Structures are given as structure tokens and as C-alpha cells.
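J.: Next comes the structure file coords03.cif, holding mmCIF, C-alpha atoms.
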data_model
loop_
_atom_site.group_PDB
_atom_site.id
_atom_site.type_symbol
_atom_site.label_atom_id
_atom_site.label_comp_id
_atom_site.auth_asym_id
_atom_site.auth_seq_id
_atom_site.Cartn_x
_atom_site.Cartn_y
_atom_site.Cartn_z
ATOM 1 C CA MET A 189 115.235 124.588 121.272
ATOM 2 C CA LYS A 190 114.038 121.767 123.549
ATOM 3 C CA LYS A 191 110.739 121.687 121.666
ATOM 4 C CA VAL A 192 112.546 121.206 118.320
ATOM 5 C CA SER A 193 114.820 118.534 119.811
ATOM 6 C CA SER A 194 111.838 116.640 121.229
ATOM 7 C CA MET A 195 110.066 116.875 117.884
ATOM 8 C CA ILE A 196 113.101 115.484 116.037
ATOM 9 C CA LYS A 197 113.400 112.596 118.515
ATOM 10 C CA GLY A 198 109.694 111.866 118.080
ATOM 11 C CA LEU A 199 110.049 111.848 114.298
ATOM 12 C CA VAL A 200 113.047 109.499 114.505
ATOM 13 C CA VAL A 201 111.116 107.066 116.708
ATOM 14 C CA LEU A 202 108.102 107.307 114.384
ATOM 15 C CA GLY A 203 110.321 106.710 111.341
ATOM 16 C CA ILE A 204 111.904 103.624 112.902
ATOM 17 C CA THR A 205 108.496 102.281 113.896
ATOM 18 C CA LEU A 206 107.013 102.881 110.443
ATOM 19 C CA SER A 207 109.997 101.259 108.746
ATOM 20 C CA PHE A 208 108.913 97.908 110.216
ATOM 21 C CA ILE A 209 105.317 98.156 109.002
ATOM 22 C CA GLY A 210 104.818 95.724 106.160
ATOM 23 C CA VAL A 211 107.823 93.580 107.049
ATOM 24 C CA ASN A 212 106.484 90.057 106.866
ATOM 25 C CA SER A 213 109.641 88.197 107.812
ATOM 26 C CA VAL A 214 109.675 87.131 111.433
ATOM 27 C CA SER A 215 112.156 84.311 110.949
ATOM 28 C CA ALA A 216 115.132 84.192 113.294
ATOM 29 C CA THR A 217 117.475 83.230 110.448
ATOM 30 C CA ARG A 218 119.760 85.924 109.100
ATOM 31 C CA ALA A 219 119.523 87.278 105.576
ATOM 32 C CA ILE A 220 122.477 86.401 103.354
ATOM 33 C CA THR A 221 123.828 89.312 101.334
ATOM 34 C CA GLU A 222 126.300 89.040 98.489
ATOM 35 C CA LYS A 223 128.029 91.632 96.325
ATOM 36 C CA GLY A 224 129.979 91.099 93.171
ATOM 37 C CA THR A 225 130.720 92.226 89.684
ATOM 38 C CA GLY A 226 129.469 91.035 86.347
ATOM 39 C CA CYS A 227 125.968 90.851 84.924
ATOM 40 C CA TYR A 228 124.137 90.528 81.654
ATOM 41 C CA VAL A 229 122.869 93.781 80.128
ATOM 42 C CA ARG A 230 120.201 94.106 77.446
ATOM 43 C CA VAL A 231 121.798 95.216 74.145
ATOM 44 C CA THR A 232 118.856 95.057 71.705
ATOM 45 C CA GLU A 233 115.185 95.909 71.724
ATOM 46 C CA ALA A 234 114.535 92.267 70.826
ATOM 47 C CA GLY A 235 115.954 91.153 74.185
ATOM 48 C CA ASP A 236 119.506 90.015 73.412
ATOM 49 C CA TYR A 237 121.993 90.299 76.279
ATOM 50 C CA ALA A 238 125.758 90.741 76.569
ATOM 51 C CA TYR A 239 128.012 90.234 79.584
ATOM 52 C CA ASP A 240 129.310 93.364 81.370
ATOM 53 C CA ALA A 241 132.232 92.315 83.578
ATOM 54 C CA THR A 242 132.302 95.682 85.392
ATOM 55 C CA CYS A 243 128.628 95.685 86.353
ATOM 56 C CA ALA A 244 128.046 96.000 90.119
ATOM 57 C CA ALA A 245 125.528 93.505 91.502
ATOM 58 C CA HIS A 246 124.176 92.496 94.894
ATOM 59 C CA ASP A 247 121.510 90.194 96.209
ATOM 60 C CA VAL A 248 119.768 89.283 99.444
ATOM 61 C CA THR A 249 118.476 85.803 100.288
ATOM 62 C CA LYS A 250 116.388 85.159 103.385
ATOM 63 C CA LEU A 251 115.310 81.678 104.423
ATOM 64 C CA LYS A 252 112.614 80.757 106.917
ATOM 65 C CA ASN A 253 113.392 78.724 110.032
ATOM 66 C CA ASP A 254 112.409 75.526 108.177
ATOM 67 C CA GLY A 255 114.925 76.261 105.374
ATOM 68 C CA SER A 256 112.365 77.310 102.759
ATOM 69 C CA LEU A 257 112.709 80.619 100.953
ATOM 70 C CA ASP A 258 111.314 83.696 102.678
ATOM 71 C CA PHE A 259 112.414 86.213 100.022
ATOM 72 C CA TYR A 260 115.080 86.913 97.419
ATOM 73 C CA SER A 261 116.041 90.231 95.830
ATOM 74 C CA TYR A 262 118.702 91.248 93.311
ATOM 75 C CA GLN A 263 119.932 94.553 91.831
ATOM 76 C CA ASP A 264 122.617 95.445 89.324
ATOM 77 C CA HIS A 265 123.982 98.547 87.634
ATOM 78 C CA GLY A 266 126.111 98.447 84.494
ATOM 79 C CA GLU A 267 126.867 100.020 81.126
ATOM 80 C CA LEU A 268 125.956 98.850 77.653
ATOM 81 C CA PRO A 269 128.962 97.981 75.472
ATOM 82 C CA GLU A 270 130.009 100.604 72.909
ATOM 83 C CA GLY A 271 128.278 100.259 69.567
ATOM 84 C CA THR A 272 125.164 98.534 70.924
ATOM 85 C CA TRP A 273 121.570 99.729 70.938
ATOM 86 C CA ARG A 274 120.758 102.917 72.813
ATOM 87 C CA PRO A 275 117.108 103.901 73.287
ATOM 88 C CA SER A 276 116.124 107.431 72.249
ATOM 89 C CA LYS A 277 114.441 107.862 75.648
ATOM 90 C CA ALA A 278 114.653 105.882 78.873
ATOM 91 C CA TYR A 279 113.527 102.299 78.283
ATOM 92 C CA ARG A 280 111.697 100.589 81.127
ATOM 93 C CA ASN A 281 110.531 97.003 81.164
ATOM 94 C CA THR A 282 108.780 95.075 83.950
ATOM 95 C CA PHE A 283 107.935 91.402 83.683
ATOM 96 C CA GLU A 284 107.225 88.280 85.709
ATOM 97 C CA ILE A 285 109.858 85.527 85.559
ATOM 98 C CA CYS A 286 111.004 82.416 87.420
ATOM 99 C CA TYR A 287 114.627 81.435 88.113
ATOM 100 C CA ARG A 288 116.045 78.109 89.273
ATOM 101 C CA PHE A 289 118.366 78.334 92.282
ATOM 102 C CA SER A 290 120.035 75.671 94.419
ATOM 103 C CA PHE A 291 117.223 76.083 96.961
ATOM 104 C CA GLY A 292 114.427 75.837 94.364
ATOM 105 C CA ILE A 293 112.508 77.782 91.759
ATOM 106 C CA VAL A 294 111.856 81.422 92.637
ATOM 107 C CA CYS A 295 109.264 83.514 90.783
ATOM 108 C CA GLY A 296 108.909 87.257 90.980
ATOM 109 C CA THR A 297 108.988 90.608 89.240
ATOM 110 C CA ALA A 298 111.977 91.792 87.216
ATOM 111 C CA THR A 299 112.549 95.351 86.033
ATOM 112 C CA GLU A 300 115.046 96.821 83.593
ATOM 113 C CA THR A 301 115.917 100.443 82.905
ATOM 114 C CA ILE A 302 118.198 101.555 80.066
ATOM 115 C CA THR A 303 119.047 105.189 79.420
ATOM 116 C CA PRO A 304 120.106 106.840 76.142
ATOM 117 C CA SER A 305 123.611 107.232 77.618
ATOM 118 C CA GLY A 306 123.886 103.430 77.978
ATOM 119 C CA GLU A 307 123.334 103.100 81.712
ATOM 120 C CA TYR A 308 121.675 99.780 82.598
ATOM 121 C CA LYS A 309 119.889 98.845 85.829
ATOM 122 C CA SER A 310 117.873 95.781 86.660
ATOM 123 C CA SER A 311 116.256 94.277 89.713
ATOM 124 C CA PHE A 312 114.319 91.179 90.741
ATOM 125 C CA LYS A 313 112.096 90.690 93.777
ATOM 126 C CA SER A 314 110.554 87.361 94.676
ATOM 127 C CA ARG A 315 106.810 87.133 95.168
ATOM 128 C CA ALA A 316 105.359 86.383 98.566
ATOM 129 C CA ASP A 317 103.904 82.898 98.978
#
Represent the supplied structure as C-alpha cells.
T.:
Amino acid sequence: MKKVSSMIKGLVVLGITLSFIGVNSVSATRAITEKGTGCYVRVTEAGDYAYDATCAAHDVTKLKNDGSLDFYSYQDHGELPEGTWRPSKAYRNTFEICYRFSFGIVCGTATETITPSGEYKSSFKSRAD
């Protein structure tokens, strides 16, 4: 029993240690997280969007000590309105895009997933400098 307990503790410590590998943010400033509702969901193959007021969204903004952007990420999860396009199989789209924010222009990778049932998910992650 002690051997199993020691092994579990070792795995927990290893997991915590490995979770920090690849983290490139060493800034002392705190990340700002926000949650809300409402997002735009893709309603046609051509790329038209409609507003979904019930969509759940959250983002994380992290600034460096000098006030410049360290990273920005965003995720949402919503439903397509009734009567709009539904793909016959899961639709996935990944593309590079830039957005203008109050703290400057942020470029990164956006992804969208739409299921035949009308579930919509999207995310955006800023690129590293």
C-alpha cells in the first residue's frame, strides 16, 4: 500500500512539473480572465455569421511587465439558429487572422467546429512574438 501511495505522489509531482514545461510567460502580471454570453456563429458554408445571445464565451489576456501583450486566448460554445445550414458531417476550419483590441492588433490561429446537430465551437490563440 505504501508503495502505491508513494508512486501516486511521485506521479502527481511529475505531472505538476511537466505542466510547466513549455510555459513561456514569466511575467509577474496576472492574467485577466473574462466570461460572458453572446457570440457570432457561422451559419453558411460561405462564411456568414449570426449572433447567438446564449453562446457561452471566455477569454484570457496576459500582459508582460512592460504592458505589451504576452498572450490572448478565446473560446466559445453555442448553437446555430434553427433553419440555418447544418453540415452533413462535422465541419472544421482553421485559419490565421488578426483582431484589433484596445491594446493593439493581435494575430493568431482561429478554429471553428460545427456539428450536424448545430453545435458551434470556436477558439483563437495569439501567436508568440
J.: Do a neighbour search on A:Cys243 at 12 Å with only C-alpha atoms, toss out local chain neighbours closer than 4 positions, and write the hits as an mmCIF file with C-alpha atoms, in the frame of the given file.
T.:
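The result, written out as part-v1.cif:
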data_model
loop_
_atom_site.group_PDB
_atom_site.id
_atom_site.type_symbol
_atom_site.label_atom_id
_atom_site.label_comp_id
_atom_site.auth_asym_id
_atom_site.auth_seq_id
_atom_site.Cartn_x
_atom_site.Cartn_y
_atom_site.Cartn_z
ATOM 1 C CA LYS A 223 128.029 91.632 96.325
ATOM 2 C CA GLY A 224 129.979 91.099 93.171
ATOM 3 C CA THR A 225 130.720 92.226 89.684
ATOM 4 C CA GLY A 226 129.469 91.035 86.347
ATOM 5 C CA CYS A 227 125.968 90.851 84.924
ATOM 6 C CA TYR A 228 124.137 90.528 81.654
ATOM 7 C CA VAL A 229 122.869 93.781 80.128
ATOM 8 C CA ALA A 238 125.758 90.741 76.569
ATOM 9 C CA TYR A 239 128.012 90.234 79.584
ATOM 10 C CA GLN A 263 119.932 94.553 91.831
ATOM 11 C CA ASP A 264 122.617 95.445 89.324
ATOM 12 C CA HIS A 265 123.982 98.547 87.634
ATOM 13 C CA GLY A 266 126.111 98.447 84.494
ATOM 14 C CA GLU A 267 126.867 100.020 81.126
ATOM 15 C CA LEU A 268 125.956 98.850 77.653
ATOM 16 C CA PRO A 269 128.962 97.981 75.472
ATOM 17 C CA GLU A 307 123.334 103.100 81.712
ATOM 18 C CA TYR A 308 121.675 99.780 82.598
ATOM 19 C CA LYS A 309 119.889 98.845 85.829
ATOM 20 C CA SER A 310 117.873 95.781 86.660
#
J.: So what do you get for atom CA of A:His246 versus atom CA of A:Glu222, distance-wise?
T.: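 Between atom CA of A:His246 and atom CA of A:Glu222 the gap works out to 5.4 Å.
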J.: Can you work out which one of A:Lys313, A:Lys252, A:Arg288, A:Arg280 has the shortest atom-to-atom distance to A:Arg230, counting all atoms listed in the file?
T.: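 Ranked by minimum distance to A:Arg230, first place goes to A:Arg280.
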J.: Enter the distance from atom CA of A:Ile220 to atom CA of A:Ser261, in Å, rounded to one decimal.
T.: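 Atom CA of A:Ile220 sits 10.6 Å away from atom CA of A:Ser261.
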J.: Go ahead and compute the interatomic distance for atom CA of A:Leu257 and atom CA of A:Ser314, in Å to one decimal.
T.: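 Calculated distance between atom CA of A:Leu257 and atom CA of A:Ser314 is 9.5 Å.
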J.: Once the PyMOL selection byres ((chain A and resi 286) around 9) has been evaluated on this model, what residues remain selected, and can you format them as a list in words?
T.: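 What the PyMOL selection byres ((chain A and resi 286) around 9) grabs from the file is Glu284, Ile285, Tyr287, Arg288, Ile293, Val294, Cys295, Gly296, Thr297 and Ser314 of chain A.
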J.: Nearest to A:Gly271 among A:Phe259, A:Gly306, A:Thr299, A:Lys250, with distances taken over all atoms listed in the file: which residue is it?
T.: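 The answer is A:Gly306, which sits nearest to A:Gly271.
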J.: Counting all atoms listed in the file, what is within 6 Å of A:Ala298, bar same-chain residues fewer than 2 positions away, as number ranges by chain?
T.: A: 282-283, 311-312
J.: Any chance you could export the current selection's C-alpha atoms as a CSV table (one decimal), in the frame of the given file?
T.:
chain,number,residue,atom,x,y,z
A,282,THR,CA,108.8,95.1,84.0
A,283,PHE,CA,107.9,91.4,83.7
A,311,SER,CA,116.3,94.3,89.7
A,312,PHE,CA,114.3,91.2,90.7
J.: Go through A:Arg218, A:Tyr262, A:Ala316, A:Gly292 and flag the residue nearest A:Ala244, using only C-alpha atoms for the distances.
T.: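 The closest residue to A:Ala244 is A:Tyr262.
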J.: Quick one: of A:Ser290, A:Thr303, A:Asn253, A:Asn281, who's nearest to A:Ala219, counting only C-alpha atoms?
T.: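 The shortest atom-to-atom distance to A:Ala219 comes from A:Asn253.
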J.: I would like the residues chosen by the PyMOL selection byres ((chain A and resi 275) around 10) on the shown file; could you give them as a ChimeraX atom specification?
T.: /A:231-233,272-274,276-279,302-306
J.: Please dump the current selection as a tab-separated table (two decimals), in the frame of the given file; keep C-alpha atoms.
T.:
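Just written: out-v2.tsv:
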chain	number	residue	atom	x	y	z
A	231	VAL	CA	121.80	95.22	74.14
A	232	THR	CA	118.86	95.06	71.70
A	233	GLU	CA	115.18	95.91	71.72
A	272	THR	CA	125.16	98.53	70.92
A	273	TRP	CA	121.57	99.73	70.94
A	274	ARG	CA	120.76	102.92	72.81
A	276	SER	CA	116.12	107.43	72.25
A	277	LYS	CA	114.44	107.86	75.65
A	278	ALA	CA	114.65	105.88	78.87
A	279	TYR	CA	113.53	102.30	78.28
A	302	ILE	CA	118.20	101.56	80.07
A	303	THR	CA	119.05	105.19	79.42
A	304	PRO	CA	120.11	106.84	76.14
A	305	SER	CA	123.61	107.23	77.62
A	306	GLY	CA	123.89	103.43	77.98
